[in-house]
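A.B. asks: The following block contains the structure, expressed as structure tokens.
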Amino acid sequence: MNNSSKLHFFILILFIVTGCNKSKNIATNTIESNSAEIETKIDSIISLLTLEEKVDLCHAQSKFSTKGVDRLGIPEIWMSDGPHGVRAEISWDDWAYAGWTNDSITAFPALTCLASTFNPDLASQFGIALGEEAKYRKKDVLLGPGVNIYRTPMNGRNFEYMGEDPFLASTMVVPYVKGVQKNGVAACVKHYALNNQEHWRDKISVEVSDRALHEIYLPAFKAAVTEGKVWSIMGAYNKFRGEYTTHHELLTNKILKGDWKFDGVVISDWSSAHNTKEAALKGLDIEMGTGTDGLGTTTANHYSQYYLANPFLEAIKKGEIPESVLDDKVRRVLRLRYRTNMSNNQSFGRANNKEHHDVARKVATEGIVLLKNDNSFFPVEDNVGLTIAVIGENATRSMTKGGGSSELKPKFEISPLKGLQERYKNAKIVYSMGYGSGASVYDQVLPSPYNADSLKTEAIKVAKTADIVLFVGGLSKSHLQDSEGNLDREQFDLPFGQIELLNDIKALNKKIGFILVSGNAVEMPWIDSVDGLLQTWYLGSMAGHAIADVISGDVNPSGKLPFSFPKKLQDNAAVSFGVESYPGVELKKDNKNASLNLESNTPVSPTQEYKEGILVGYRWHDTKNIKPQFAFGYGLSYTNFEVSDITVNNNTDSFTVTCNVENTGQVNGAEVVQVYVGKPNSEVERAIKELKGFSKVYLDKGEKQSISITIEKSDLAFYDESISDWNLEKGDYDIYIGNASNNISKKLSITIN
Ligand code: BGC
């Protein structure tokens, strides 16, 4: 090293060392993420790195980490799933759990529940708490949130995402991301993009119009990038227009890094990179999970053989890929370090503390949705002499286990039965499992070891002794249920013989409250048999307490559905267009004779066309006049609200809806006022209405408040394919104000000139 590079080196070490001082005061400081000073430091580091060291920064060294540069004090990067809790430690080189005894955490509710709260402030608290847990576990990147759009109820991973509406998902993802990143932990929004089903996820090629892409499938990612300033994003497994999404000219180079000016890191999904040149030139920065077979003892499939490892190095050496491409990636991964483990502004982290459990419980209680409540079945009072039969496997089954990469190892998990037993001190609680669903195993269905008839007989016996029945059923986190894998759900109705069991219980003439534990809609031909129905999602550590809070009336439910529940599967837009739309078809070589081949899980090249275009979820139900079982935005309360004096004020760039909301019932509660906008006589196809604003208002009984919701006019633009840009049409717009997409109190109109 000559004198000038020695000096350079010394200054660099000084920079790095001073950059590593931790400050605990995360609340008042924002992390300096992009300062010119840091960019200068990054330049000087790049100039010191060898080609090999630079390439090493762009791929995994283990299942969940990438190398640092020891001699310069540059740390490794450690990542962990997932969207609603920090996953247990995984082995260095395979998917097995490492078996640590100090890696248990708080399991927060899954993101469908977070979305149902319609409460961005809670999304912020969720993000902060989750980021603290990630920091405590020494993670630099948290692999979440997921914001893929709920396109069909069959997608096994819907429970990890934020529903069917791009505005709701965008509104909730921004505070989540900011909350996580306040700790000096990067959020990693996933899966970019169009990973809307698990079926054939590794191979399916999605065909979707530019308009639906920009209006439905990209907005939440865009919000995470441009407003949330997310520091990393994960590619998806699937293809879009024949090209793998993880390295994609249009999605990654043009839209993400070009139009949205994303300056963070694109991380592959675990084995979603497919080719060195594509990965290098089409935007991938860190390659993860491509597969190895053993701790560096073999050479054939080692980390050094990743597409962005030796083959990348060779291509640069041969001049096939310019070094500047590598330098751009290195700049991004160093920037990631300055934002996370080399930031002078990190939290120390904490896990399993009371505040985090409180956040988990609050999100869980606010996210539970009351769907039916005939004759005020709920709340159930804790009366002496009352016998409550709790029936159903989901009353005791762990719902943090299973589901794929979002599986968690919480320090504890309160089951619904336990929560009810702790809450009800006067009433008598009796329990019977009723049905059995089998074990949670990745990519396999393991049948229940119990005899179905005996379970049913026993449950009927128990139900007979009770005054009311709480049926705790739904789906599970097993393969073919709410679960990640290469297949989606196979049935829309309730599995495991639950319908028969429910009918038999109904025949006893009992009042039944159904506690639906699922991350997806299910068919409800049995809806008339139940008096009350609560949608309770996957709620994590505090599940049972939250469910008991709502059933007992300690908390008045205020959750609203983040996706539609179709009556029949055929009523879902994607499904209604047949197999070419969902789940896709295998393209024959001549390309003419497309055929469905569900039997084979390894089709050559399956493809699908999103034929419903922009009409996803309630946009479809509304516009085609297909009544859903339960509509997007719907959810009941134990009190009543009256929305009155609704007016709209048309300003220059925005308009403001103002109204009074009054709690006219007997208990305190919260209502979500929702503003939808439609454009009659549009030059393009439009949904009747689309959510553009909402506000959750908390009111004591008898209380009345005035609220206003302001909407930017630019948010009413449609994506105009003829100019490849947004286009705000002039003319009249309909403004719908209500408390569900199918319950509108008033329709007003404004004109945009
Ligand atoms: C999932 C990702 C996850 C990754 C690492 C993949 O199979 O699709 O969501 O973050 O594994 O576990």
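The way I read the labels, and the way they are meant: chains A, B, ... in the order of the structure tokens, residue 1 as the first residue of every chain, and ligand 1 as the first ligand shown, with later ones counted on from there.
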May I have all residues of region 589-712 of chain A that DSSP, computed from the backbone, assigns to strand (DSSP E), given as an mmCIF file with N, CA, C and O atoms, in the first residue's frame?

C.D. replies:
data_model
loop_
_atom_site.group_PDB
_atom_site.id
_atom_site.type_symbol
_atom_site.label_atom_id
_atom_site.label_comp_id
_atom_site.auth_asym_id
_atom_site.auth_seq_id
_atom_site.Cartn_x
_atom_site.Cartn_y
_atom_site.Cartn_z
ATOM 1 N N PRO A 606 -46.066 -22.824 -17.567
ATOM 2 C CA PRO A 606 -47.457 -22.408 -17.406
ATOM 3 C C PRO A 606 -47.596 -20.893 -17.507
ATOM 4 O O PRO A 606 -46.673 -20.154 -17.165
ATOM 5 N N THR A 607 -48.734 -20.498 -17.969
ATOM 6 C CA THR A 607 -48.961 -19.069 -18.099
ATOM 7 C C THR A 607 -50.395 -18.764 -17.689
ATOM 8 O O THR A 607 -51.240 -19.658 -17.629
ATOM 9 N N GLN A 608 -50.662 -17.529 -17.367
ATOM 10 C CA GLN A 608 -52.015 -17.147 -17.004
ATOM 11 C C GLN A 608 -52.233 -15.695 -17.414
ATOM 12 O O GLN A 608 -51.280 -14.913 -17.481
ATOM 13 N N GLU A 609 -53.488 -15.391 -17.676
ATOM 14 C CA GLU A 609 -53.796 -14.029 -18.059
ATOM 15 C C GLU A 609 -54.767 -13.459 -17.037
ATOM 16 O O GLU A 609 -55.810 -14.061 -16.769
ATOM 17 N N PHE A 641 -73.613 3.500 14.775
ATOM 18 C CA PHE A 641 -73.069 4.815 14.407
ATOM 19 C C PHE A 641 -73.984 5.475 13.394
ATOM 20 O O PHE A 641 -74.550 4.797 12.535
ATOM 21 N N GLU A 642 -74.071 6.779 13.510
ATOM 22 C CA GLU A 642 -74.835 7.508 12.519
ATOM 23 C C GLU A 642 -73.896 8.516 11.868
ATOM 24 O O GLU A 642 -73.218 9.270 12.567
ATOM 25 N N VAL A 643 -73.852 8.486 10.564
ATOM 26 C CA VAL A 643 -73.014 9.443 9.836
ATOM 27 C C VAL A 643 -73.954 10.467 9.212
ATOM 28 O O VAL A 643 -74.901 10.106 8.514
ATOM 29 N N SER A 644 -73.717 11.745 9.499
ATOM 30 C CA SER A 644 -74.663 12.766 9.030
ATOM 31 C C SER A 644 -73.923 14.004 8.536
ATOM 32 O O SER A 644 -72.695 14.104 8.680
ATOM 33 N N ASP A 645 -74.676 14.940 8.010
ATOM 34 C CA ASP A 645 -74.136 16.222 7.516
ATOM 35 C C ASP A 645 -72.929 16.015 6.603
ATOM 36 O O ASP A 645 -71.881 16.642 6.781
ATOM 37 N N ILE A 646 -73.095 15.147 5.649
ATOM 38 C CA ILE A 646 -71.964 14.831 4.763
ATOM 39 C C ILE A 646 -71.871 15.885 3.661
ATOM 40 O O ILE A 646 -72.836 16.117 2.936
ATOM 41 N N THR A 647 -70.716 16.515 3.581
ATOM 42 C CA THR A 647 -70.528 17.509 2.520
ATOM 43 C C THR A 647 -69.169 17.285 1.872
ATOM 44 O O THR A 647 -68.285 16.648 2.452
ATOM 45 N N VAL A 648 -69.042 17.831 0.668
ATOM 46 C CA VAL A 648 -67.735 17.749 0.034
ATOM 47 C C VAL A 648 -67.327 19.140 -0.429
ATOM 48 O O VAL A 648 -68.137 19.902 -0.947
ATOM 49 N N ASN A 649 -66.078 19.455 -0.159
ATOM 50 C CA ASN A 649 -65.542 20.765 -0.495
ATOM 51 C C ASN A 649 -64.503 20.600 -1.596
ATOM 52 O O ASN A 649 -63.489 19.942 -1.403
ATOM 53 N N ASN A 650 -64.790 21.186 -2.746
ATOM 54 C CA ASN A 650 -63.920 20.993 -3.904
ATOM 55 C C ASN A 650 -62.849 22.084 -3.951
ATOM 56 O O ASN A 650 -63.137 23.237 -4.238
ATOM 57 N N SER A 654 -57.262 19.262 -4.461
ATOM 58 C CA SER A 654 -57.795 18.178 -3.635
ATOM 59 C C SER A 654 -59.266 18.453 -3.361
ATOM 60 O O SER A 654 -59.782 19.505 -3.721
ATOM 61 N N PHE A 655 -59.935 17.499 -2.731
ATOM 62 C CA PHE A 655 -61.274 17.774 -2.213
ATOM 63 C C PHE A 655 -61.396 17.141 -0.841
ATOM 64 O O PHE A 655 -60.667 16.195 -0.516
ATOM 65 N N THR A 656 -62.283 17.722 -0.032
ATOM 66 C CA THR A 656 -62.384 17.277 1.353
ATOM 67 C C THR A 656 -63.819 16.870 1.669
ATOM 68 O O THR A 656 -64.753 17.634 1.448
ATOM 69 N N VAL A 657 -63.952 15.650 2.161
ATOM 70 C CA VAL A 657 -65.266 15.183 2.616
ATOM 71 C C VAL A 657 -65.338 15.426 4.119
ATOM 72 O O VAL A 657 -64.417 15.062 4.858
ATOM 73 N N THR A 658 -66.400 16.068 4.551
ATOM 74 C CA THR A 658 -66.582 16.325 5.984
ATOM 75 C C THR A 658 -67.912 15.716 6.415
ATOM 76 O O THR A 658 -68.892 15.769 5.664
ATOM 77 N N CYS A 659 -67.929 15.135 7.597
ATOM 78 C CA CYS A 659 -69.203 14.606 8.111
ATOM 79 C C CYS A 659 -69.145 14.507 9.631
ATOM 80 O O CYS A 659 -68.088 14.640 10.242
ATOM 81 N N ASN A 660 -70.308 14.297 10.203
ATOM 82 C CA ASN A 660 -70.387 14.036 11.636
ATOM 83 C C ASN A 660 -70.604 12.547 11.843
ATOM 84 O O ASN A 660 -71.388 11.926 11.118
ATOM 85 N N VAL A 661 -69.905 12.006 12.818
ATOM 86 C CA VAL A 661 -70.120 10.604 13.161
ATOM 87 C C VAL A 661 -70.538 10.561 14.619
ATOM 88 O O VAL A 661 -69.888 11.149 15.482
ATOM 89 N N GLU A 662 -71.651 9.866 14.880
ATOM 90 C CA GLU A 662 -72.155 9.808 16.254
ATOM 91 C C GLU A 662 -72.323 8.354 16.684
ATOM 92 O O GLU A 662 -72.839 7.522 15.924
ATOM 93 N N ASN A 663 -71.869 8.078 17.892
ATOM 94 C CA ASN A 663 -72.096 6.754 18.477
ATOM 95 C C ASN A 663 -73.448 6.805 19.178
ATOM 96 O O ASN A 663 -73.583 7.371 20.254
ATOM 97 N N GLY A 669 -67.054 2.690 21.051
ATOM 98 C CA GLY A 669 -66.652 1.898 19.883
ATOM 99 C C GLY A 669 -65.956 2.747 18.844
ATOM 100 O O GLY A 669 -65.706 3.936 19.050
ATOM 101 N N ALA A 670 -65.620 2.109 17.727
ATOM 102 C CA ALA A 670 -64.932 2.829 16.654
ATOM 103 C C ALA A 670 -65.570 2.486 15.312
ATOM 104 O O ALA A 670 -65.986 1.356 15.085
ATOM 105 N N GLU A 671 -65.636 3.497 14.457
ATOM 106 C CA GLU A 671 -66.196 3.299 13.121
ATOM 107 C C GLU A 671 -65.173 3.746 12.083
ATOM 108 O O GLU A 671 -64.388 4.668 12.331
ATOM 109 N N VAL A 672 -65.193 3.080 10.925
ATOM 110 C CA VAL A 672 -64.304 3.477 9.835
ATOM 111 C C VAL A 672 -65.156 4.118 8.736
ATOM 112 O O VAL A 672 -65.957 3.433 8.095
ATOM 113 N N VAL A 673 -64.991 5.409 8.576
ATOM 114 C CA VAL A 673 -65.704 6.098 7.504
ATOM 115 C C VAL A 673 -64.874 5.946 6.236
ATOM 116 O O VAL A 673 -63.670 6.218 6.236
ATOM 117 N N GLN A 674 -65.510 5.471 5.181
ATOM 118 C CA GLN A 674 -64.786 5.146 3.947
ATOM 119 C C GLN A 674 -65.281 6.015 2.794
ATOM 120 O O GLN A 674 -66.481 6.204 2.632
ATOM 121 N N VAL A 675 -64.352 6.543 2.039
ATOM 122 C CA VAL A 675 -64.710 7.369 0.880
ATOM 123 C C VAL A 675 -64.260 6.652 -0.390
ATOM 124 O O VAL A 675 -63.080 6.340 -0.570
ATOM 125 N N TYR A 676 -65.230 6.376 -1.232
ATOM 126 C CA TYR A 676 -64.955 5.735 -2.527
ATOM 127 C C TYR A 676 -65.243 6.756 -3.629
ATOM 128 O O TYR A 676 -66.101 7.629 -3.465
ATOM 129 N N VAL A 677 -64.527 6.628 -4.733
ATOM 130 C CA VAL A 677 -64.744 7.560 -5.840
ATOM 131 C C VAL A 677 -64.953 6.771 -7.128
ATOM 132 O O VAL A 677 -64.293 5.762 -7.362
ATOM 133 N N GLY A 678 -65.907 7.233 -7.939
ATOM 134 C CA GLY A 678 -66.156 6.609 -9.248
ATOM 135 C C GLY A 678 -66.201 7.675 -10.326
ATOM 136 O O GLY A 678 -66.413 8.857 -10.037
ATOM 137 N N GLU A 690 -63.917 3.192 -6.179
ATOM 138 C CA GLU A 690 -62.655 2.701 -5.619
ATOM 139 C C GLU A 690 -62.350 3.454 -4.334
ATOM 140 O O GLU A 690 -62.541 4.674 -4.274
ATOM 141 N N LEU A 691 -61.821 2.732 -3.363
ATOM 142 C CA LEU A 691 -61.478 3.376 -2.090
ATOM 143 C C LEU A 691 -60.370 4.400 -2.312
ATOM 144 O O LEU A 691 -59.334 4.084 -2.896
ATOM 145 N N LYS A 692 -60.594 5.623 -1.820
ATOM 146 C CA LYS A 692 -59.581 6.676 -1.977
ATOM 147 C C LYS A 692 -59.242 7.359 -0.651
ATOM 148 O O LYS A 692 -58.330 8.187 -0.587
ATOM 149 N N GLY A 693 -60.024 7.067 0.388
ATOM 150 C CA GLY A 693 -59.722 7.662 1.687
ATOM 151 C C GLY A 693 -60.530 6.963 2.766
ATOM 152 O O GLY A 693 -61.571 6.365 2.488
ATOM 153 N N PHE A 694 -60.014 6.968 3.993
ATOM 154 C CA PHE A 694 -60.811 6.454 5.130
ATOM 155 C C PHE A 694 -60.297 7.060 6.409
ATOM 156 O O PHE A 694 -59.171 7.589 6.459
ATOM 157 N N SER A 695 -61.126 7.000 7.437
ATOM 158 C CA SER A 695 -60.707 7.515 8.731
ATOM 159 C C SER A 695 -61.389 6.703 9.817
ATOM 160 O O SER A 695 -62.606 6.477 9.772
ATOM 161 N N LYS A 696 -60.595 6.252 10.774
ATOM 162 C CA LYS A 696 -61.164 5.479 11.874
ATOM 163 C C LYS A 696 -61.392 6.419 13.040
ATOM 164 O O LYS A 696 -60.470 7.111 13.469
ATOM 165 N N VAL A 697 -62.598 6.433 13.564
ATOM 166 C CA VAL A 697 -62.913 7.389 14.621
ATOM 167 C C VAL A 697 -63.422 6.645 15.862
ATOM 168 O O VAL A 697 -64.267 5.757 15.771
ATOM 169 N N TYR A 698 -62.844 6.992 17.007
ATOM 170 C CA TYR A 698 -63.172 6.338 18.283
ATOM 171 C C TYR A 698 -64.147 7.217 19.039
ATOM 172 O O TYR A 698 -63.847 8.381 19.317
ATOM 173 N N LEU A 699 -65.296 6.672 19.402
ATOM 174 C CA LEU A 699 -66.327 7.487 20.038
ATOM 175 C C LEU A 699 -66.883 6.795 21.275
ATOM 176 O O LEU A 699 -67.281 5.619 21.226
ATOM 177 N N LYS A 704 -70.244 12.521 19.644
ATOM 178 C CA LYS A 704 -70.348 12.874 18.229
ATOM 179 C C LYS A 704 -69.099 13.648 17.845
ATOM 180 O O LYS A 704 -68.637 14.478 18.624
ATOM 181 N N GLN A 705 -68.547 13.365 16.665
ATOM 182 C CA GLN A 705 -67.341 14.082 16.233
ATOM 183 C C GLN A 705 -67.453 14.425 14.760
ATOM 184 O O GLN A 705 -68.053 13.670 13.993
ATOM 185 N N SER A 706 -66.840 15.546 14.427
ATOM 186 C CA SER A 706 -66.785 15.894 13.014
ATOM 187 C C SER A 706 -65.447 15.394 12.475
ATOM 188 O O SER A 706 -64.404 15.574 13.111
ATOM 189 N N ILE A 707 -65.469 14.765 11.331
ATOM 190 C CA ILE A 707 -64.201 14.314 10.735
ATOM 191 C C ILE A 707 -64.100 14.810 9.294
ATOM 192 O O ILE A 707 -65.114 15.052 8.645
ATOM 193 N N SER A 708 -62.877 14.963 8.821
ATOM 194 C CA SER A 708 -62.709 15.282 7.400
ATOM 195 C C SER A 708 -61.653 14.375 6.779
ATOM 196 O O SER A 708 -60.677 13.987 7.440
ATOM 197 N N ILE A 709 -61.881 14.084 5.542
ATOM 198 C CA ILE A 709 -60.969 13.218 4.786
ATOM 199 C C ILE A 709 -60.623 13.955 3.496
ATOM 200 O O ILE A 709 -61.518 14.298 2.724
ATOM 201 N N THR A 710 -59.333 14.236 3.315
ATOM 202 C CA THR A 710 -58.918 14.985 2.121
ATOM 203 C C THR A 710 -58.291 14.036 1.104
ATOM 204 O O THR A 710 -57.473 13.169 1.460
ATOM 205 N N ILE A 711 -58.686 14.196 -0.125
ATOM 206 C CA ILE A 711 -58.191 13.322 -1.199
ATOM 207 C C ILE A 711 -57.573 14.184 -2.302
ATOM 208 O O ILE A 711 -58.179 15.169 -2.738
ATOM 209 N N GLU A 712 -56.371 13.834 -2.688
ATOM 210 C CA GLU A 712 -55.706 14.567 -3.777
ATOM 211 C C GLU A 712 -56.381 14.207 -5.096
ATOM 212 O O GLU A 712 -56.627 13.026 -5.368
#

A.B. asks: Restrict the calculation to only C-alpha atoms and all ligand atoms, then for each residue of chain A with any atom at most 8 Å from an atom of ligand 1 give the closest atom pair and their distance in Å to one decimal, rows by chain and rising residue number, as a Markdown table.

C.D. replies:
| residue | atom | partner | partner_atom_place_in_ligand_line | distance |
| --- | --- | --- | --- | --- |
| A:Phe64 | CA | ligand 1 | 5 (C) | 7.7 |
| A:Ser80 | CA | ligand 1 | 12 (O) | 7.3 |
| A:Asp81 | CA | ligand 1 | 10 (O) | 5.2 |
| A:Gly82 | CA | ligand 1 | 10 (O) | 6.2 |
| A:Leu143 | CA | ligand 1 | 10 (O) | 5.2 |
| A:Gly144 | CA | ligand 1 | 10 (O) | 7.2 |
| A:Gly146 | CA | ligand 1 | 9 (O) | 7.8 |
| A:Lys190 | CA | ligand 1 | 9 (O) | 6.9 |
| A:His191 | CA | ligand 1 | 9 (O) | 6.9 |
| A:Met234 | CA | ligand 1 | 10 (O) | 7.9 |
| A:Ala236 | CA | ligand 1 | 8 (O) | 7.3 |
| A:Tyr237 | CA | ligand 1 | 8 (O) | 7.4 |
| A:Asp269 | CA | ligand 1 | 6 (C) | 5.6 |
| A:Trp270 | CA | ligand 1 | 11 (O) | 5.0 |
| A:Ser271 | CA | ligand 1 | 7 (O) | 8.0 |
| A:Gly289 | CA | ligand 1 | 5 (C) | 7.6 |
| A:Gly404 | CA | ligand 1 | 7 (O) | 7.5 |
| A:Ser405 | CA | ligand 1 | 12 (O) | 4.7 |
| A:Ser406 | CA | ligand 1 | 9 (O) | 7.5 |
| A:Glu484 | CA | ligand 1 | 8 (O) | 7.4 |
| A:Gly485 | CA | ligand 1 | 7 (O) | 7.8 |

A.B. asks: Tell me which protein, DNA and RNA residues are within 8 Å of region 440-447 of chain A, counting only C-alpha atoms, leaving out same-chain ones fewer than 5 positions away, and put them as a PyMOL selection string.

C.D. replies: chain A and resi 401-404+477-480+485-486

A.B. asks: List the spatial neighbours of Gly578 (chain A) as a list in words - criterion: any atom at most 12 Å away, only C-alpha atoms, same-chain residues fewer than 4 positions off excluded.

C.D. replies: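 Returned residues: Leu569, Gln570, Asp571, Asn572, Ala573, Ala574, Tyr582, Pro583, Gly584, Val585, Ser595, Leu596, Gln608, Glu609, Tyr610, Lys611 and Glu612 of chain A.
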
A.B. asks: Can I get the selected residues back with N, CA and C atoms, as a CSV table (one decimal), in the first residue's frame?

C.D. replies:
chain,number,residue,atom,x,y,z
A,569,LEU,N,-67.2,-19.7,-5.3
A,569,LEU,CA,-65.8,-19.4,-5.8
A,569,LEU,C,-65.9,-18.8,-7.2
A,570,GLN,N,-66.9,-19.2,-8.0
A,570,GLN,CA,-67.1,-18.7,-9.3
A,570,GLN,C,-67.4,-17.2,-9.4
A,571,ASP,N,-67.8,-16.7,-8.2
A,571,ASP,CA,-68.1,-15.2,-8.1
A,571,ASP,C,-66.8,-14.4,-8.1
A,572,ASN,N,-65.7,-15.0,-7.8
A,572,ASN,CA,-64.4,-14.3,-7.8
A,572,ASN,C,-64.0,-14.0,-9.2
A,573,ALA,N,-63.6,-12.8,-9.4
A,573,ALA,CA,-63.3,-12.3,-10.8
A,573,ALA,C,-62.3,-13.3,-11.5
A,574,ALA,N,-61.1,-13.5,-10.9
A,574,ALA,CA,-60.1,-14.2,-11.5
A,574,ALA,C,-60.5,-15.6,-11.9
A,582,TYR,N,-57.0,-18.3,-13.8
A,582,TYR,CA,-56.6,-18.9,-12.6
A,582,TYR,C,-56.8,-20.4,-12.6
A,583,PRO,N,-55.9,-21.3,-12.3
A,583,PRO,CA,-54.5,-21.0,-11.9
A,583,PRO,C,-53.5,-20.8,-13.0
A,584,GLY,N,-54.0,-20.9,-14.3
A,584,GLY,CA,-53.1,-20.8,-15.4
A,584,GLY,C,-53.1,-22.1,-16.2
A,585,VAL,N,-52.5,-22.1,-17.3
A,585,VAL,CA,-52.5,-23.3,-18.1
A,585,VAL,C,-51.0,-23.6,-18.6
A,595,SER,N,-53.7,-26.1,-22.4
A,595,SER,CA,-54.5,-27.0,-21.6
A,595,SER,C,-54.2,-27.0,-20.2
A,596,LEU,N,-55.1,-27.3,-19.3
A,596,LEU,CA,-54.9,-27.3,-17.9
A,596,LEU,C,-54.2,-28.6,-17.5
A,608,GLN,N,-50.7,-17.5,-17.4
A,608,GLN,CA,-52.0,-17.1,-17.0
A,608,GLN,C,-52.2,-15.7,-17.4
A,609,GLU,N,-53.5,-15.4,-17.7
A,609,GLU,CA,-53.8,-14.0,-18.1
A,609,GLU,C,-54.8,-13.5,-17.0
A,610,TYR,N,-54.4,-12.3,-16.5
A,610,TYR,CA,-55.3,-11.7,-15.5
A,610,TYR,C,-56.5,-11.0,-16.3
A,611,LYS,N,-57.5,-11.8,-16.7
A,611,LYS,CA,-58.5,-11.4,-17.6
A,611,LYS,C,-59.4,-10.4,-17.0
A,612,GLU,N,-59.5,-10.3,-15.7
A,612,GLU,CA,-60.4,-9.4,-15.0
A,612,GLU,C,-59.8,-8.0,-15.0

A.B. asks: Could you name the residues that touch Gly731 (chain A) at 9 Å or less, counting only C-alpha atoms, but leaving out those on the same chain fewer than 3 positions away, as a list of chain:residue names?

C.D. replies: A:Lys679, A:Pro680, A:Asn681, A:Ser682, A:Ile750, A:Thr751, A:Ile752, A:Asn753

A.B. asks: Val208 (chain A): which residues within 12 Å, counting only C-alpha atoms, same-chain residues fewer than 5 positions away excluded, as a list in words?

C.D. replies: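 Skipping anything fewer than 5 positions along the chain leaves Ala193, Leu194, Asn196, Leu213, His214, Glu215, Ile216, Tyr217, Leu218, Lys239, Phe240, Arg241, Gly242, Ala574, Ser581, Thr607, Gln608, Glu609, Tyr610, Lys611, Glu612, Gly613, Ile614 and Leu615 of chain A.
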
A.B. asks: Determine, counting only C-alpha atoms, which protein, DNA and RNA residues have an atom within 10 Å of an atom of Asp263 (chain A); residues of the same chain fewer than 5 positions away are not included. Present the result as a PyMOL selection string.

C.D. replies: chain A and resi 34+225+229-232+256-258+328+331-333+335-336

A.B. asks: List every residue of region 300-501 of chain A that DSSP, applied to the backbone of this structure, assigns to helix (DSSP H, G or I), and report them as a PyMOL selection string.

C.D. replies: chain A and resi 303-305+310-317+323-339+354-367+374-376+393-395+416-423+452-464+498-501

A.B. asks: Suppose you want the space between CA of Ala389 (chain A) and CA of Leu470 (chain A); what is it in Å?

C.D. replies: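 Spanning CA of Ala389 (chain A) to CA of Leu470 (chain A) is a straight-line distance of 6.1 Å.
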
A.B. asks: Between A:Pro379, A:Gly291, A:Pro410, A:Pro75, which is the closest to Leu334 (chain A) once you count only C-alpha atoms?

C.D. replies: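 Using only C-alpha atoms, Leu334 (chain A) sits closest to A:Pro75.
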
A.B. asks: Check the smallest atom-to-atom distance from each of A:His356, A:Lys411, A:Arg71, A:Lys63 to Ala98 (chain A) using only C-alpha atoms, then report the winner.

C.D. replies: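 With only C-alpha atoms as the atom set, the closest residue is A:Lys63.
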
A.B. asks: Using Å and a single decimal, report how far CA of Phe412 (chain A) sits from CA of Asn119 (chain A).

C.D. replies: 25.9 Å

A.B. asks: Which residue is closest to Asp327 (chain A)? Choose from A:Gly702, A:Ile74, A:Leu49, A:Arg686 and count only C-alpha atoms.

C.D. replies: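 With only C-alpha atoms as the atom set, the closest residue is A:Leu49.
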
A.B. asks: Just to confirm, what's the straight-line distance from CA of Gly532 (chain A) to CA of His545 (chain A) in Å (one decimal)?

C.D. replies: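 Computing it gives 18.8 Å between the two atoms.
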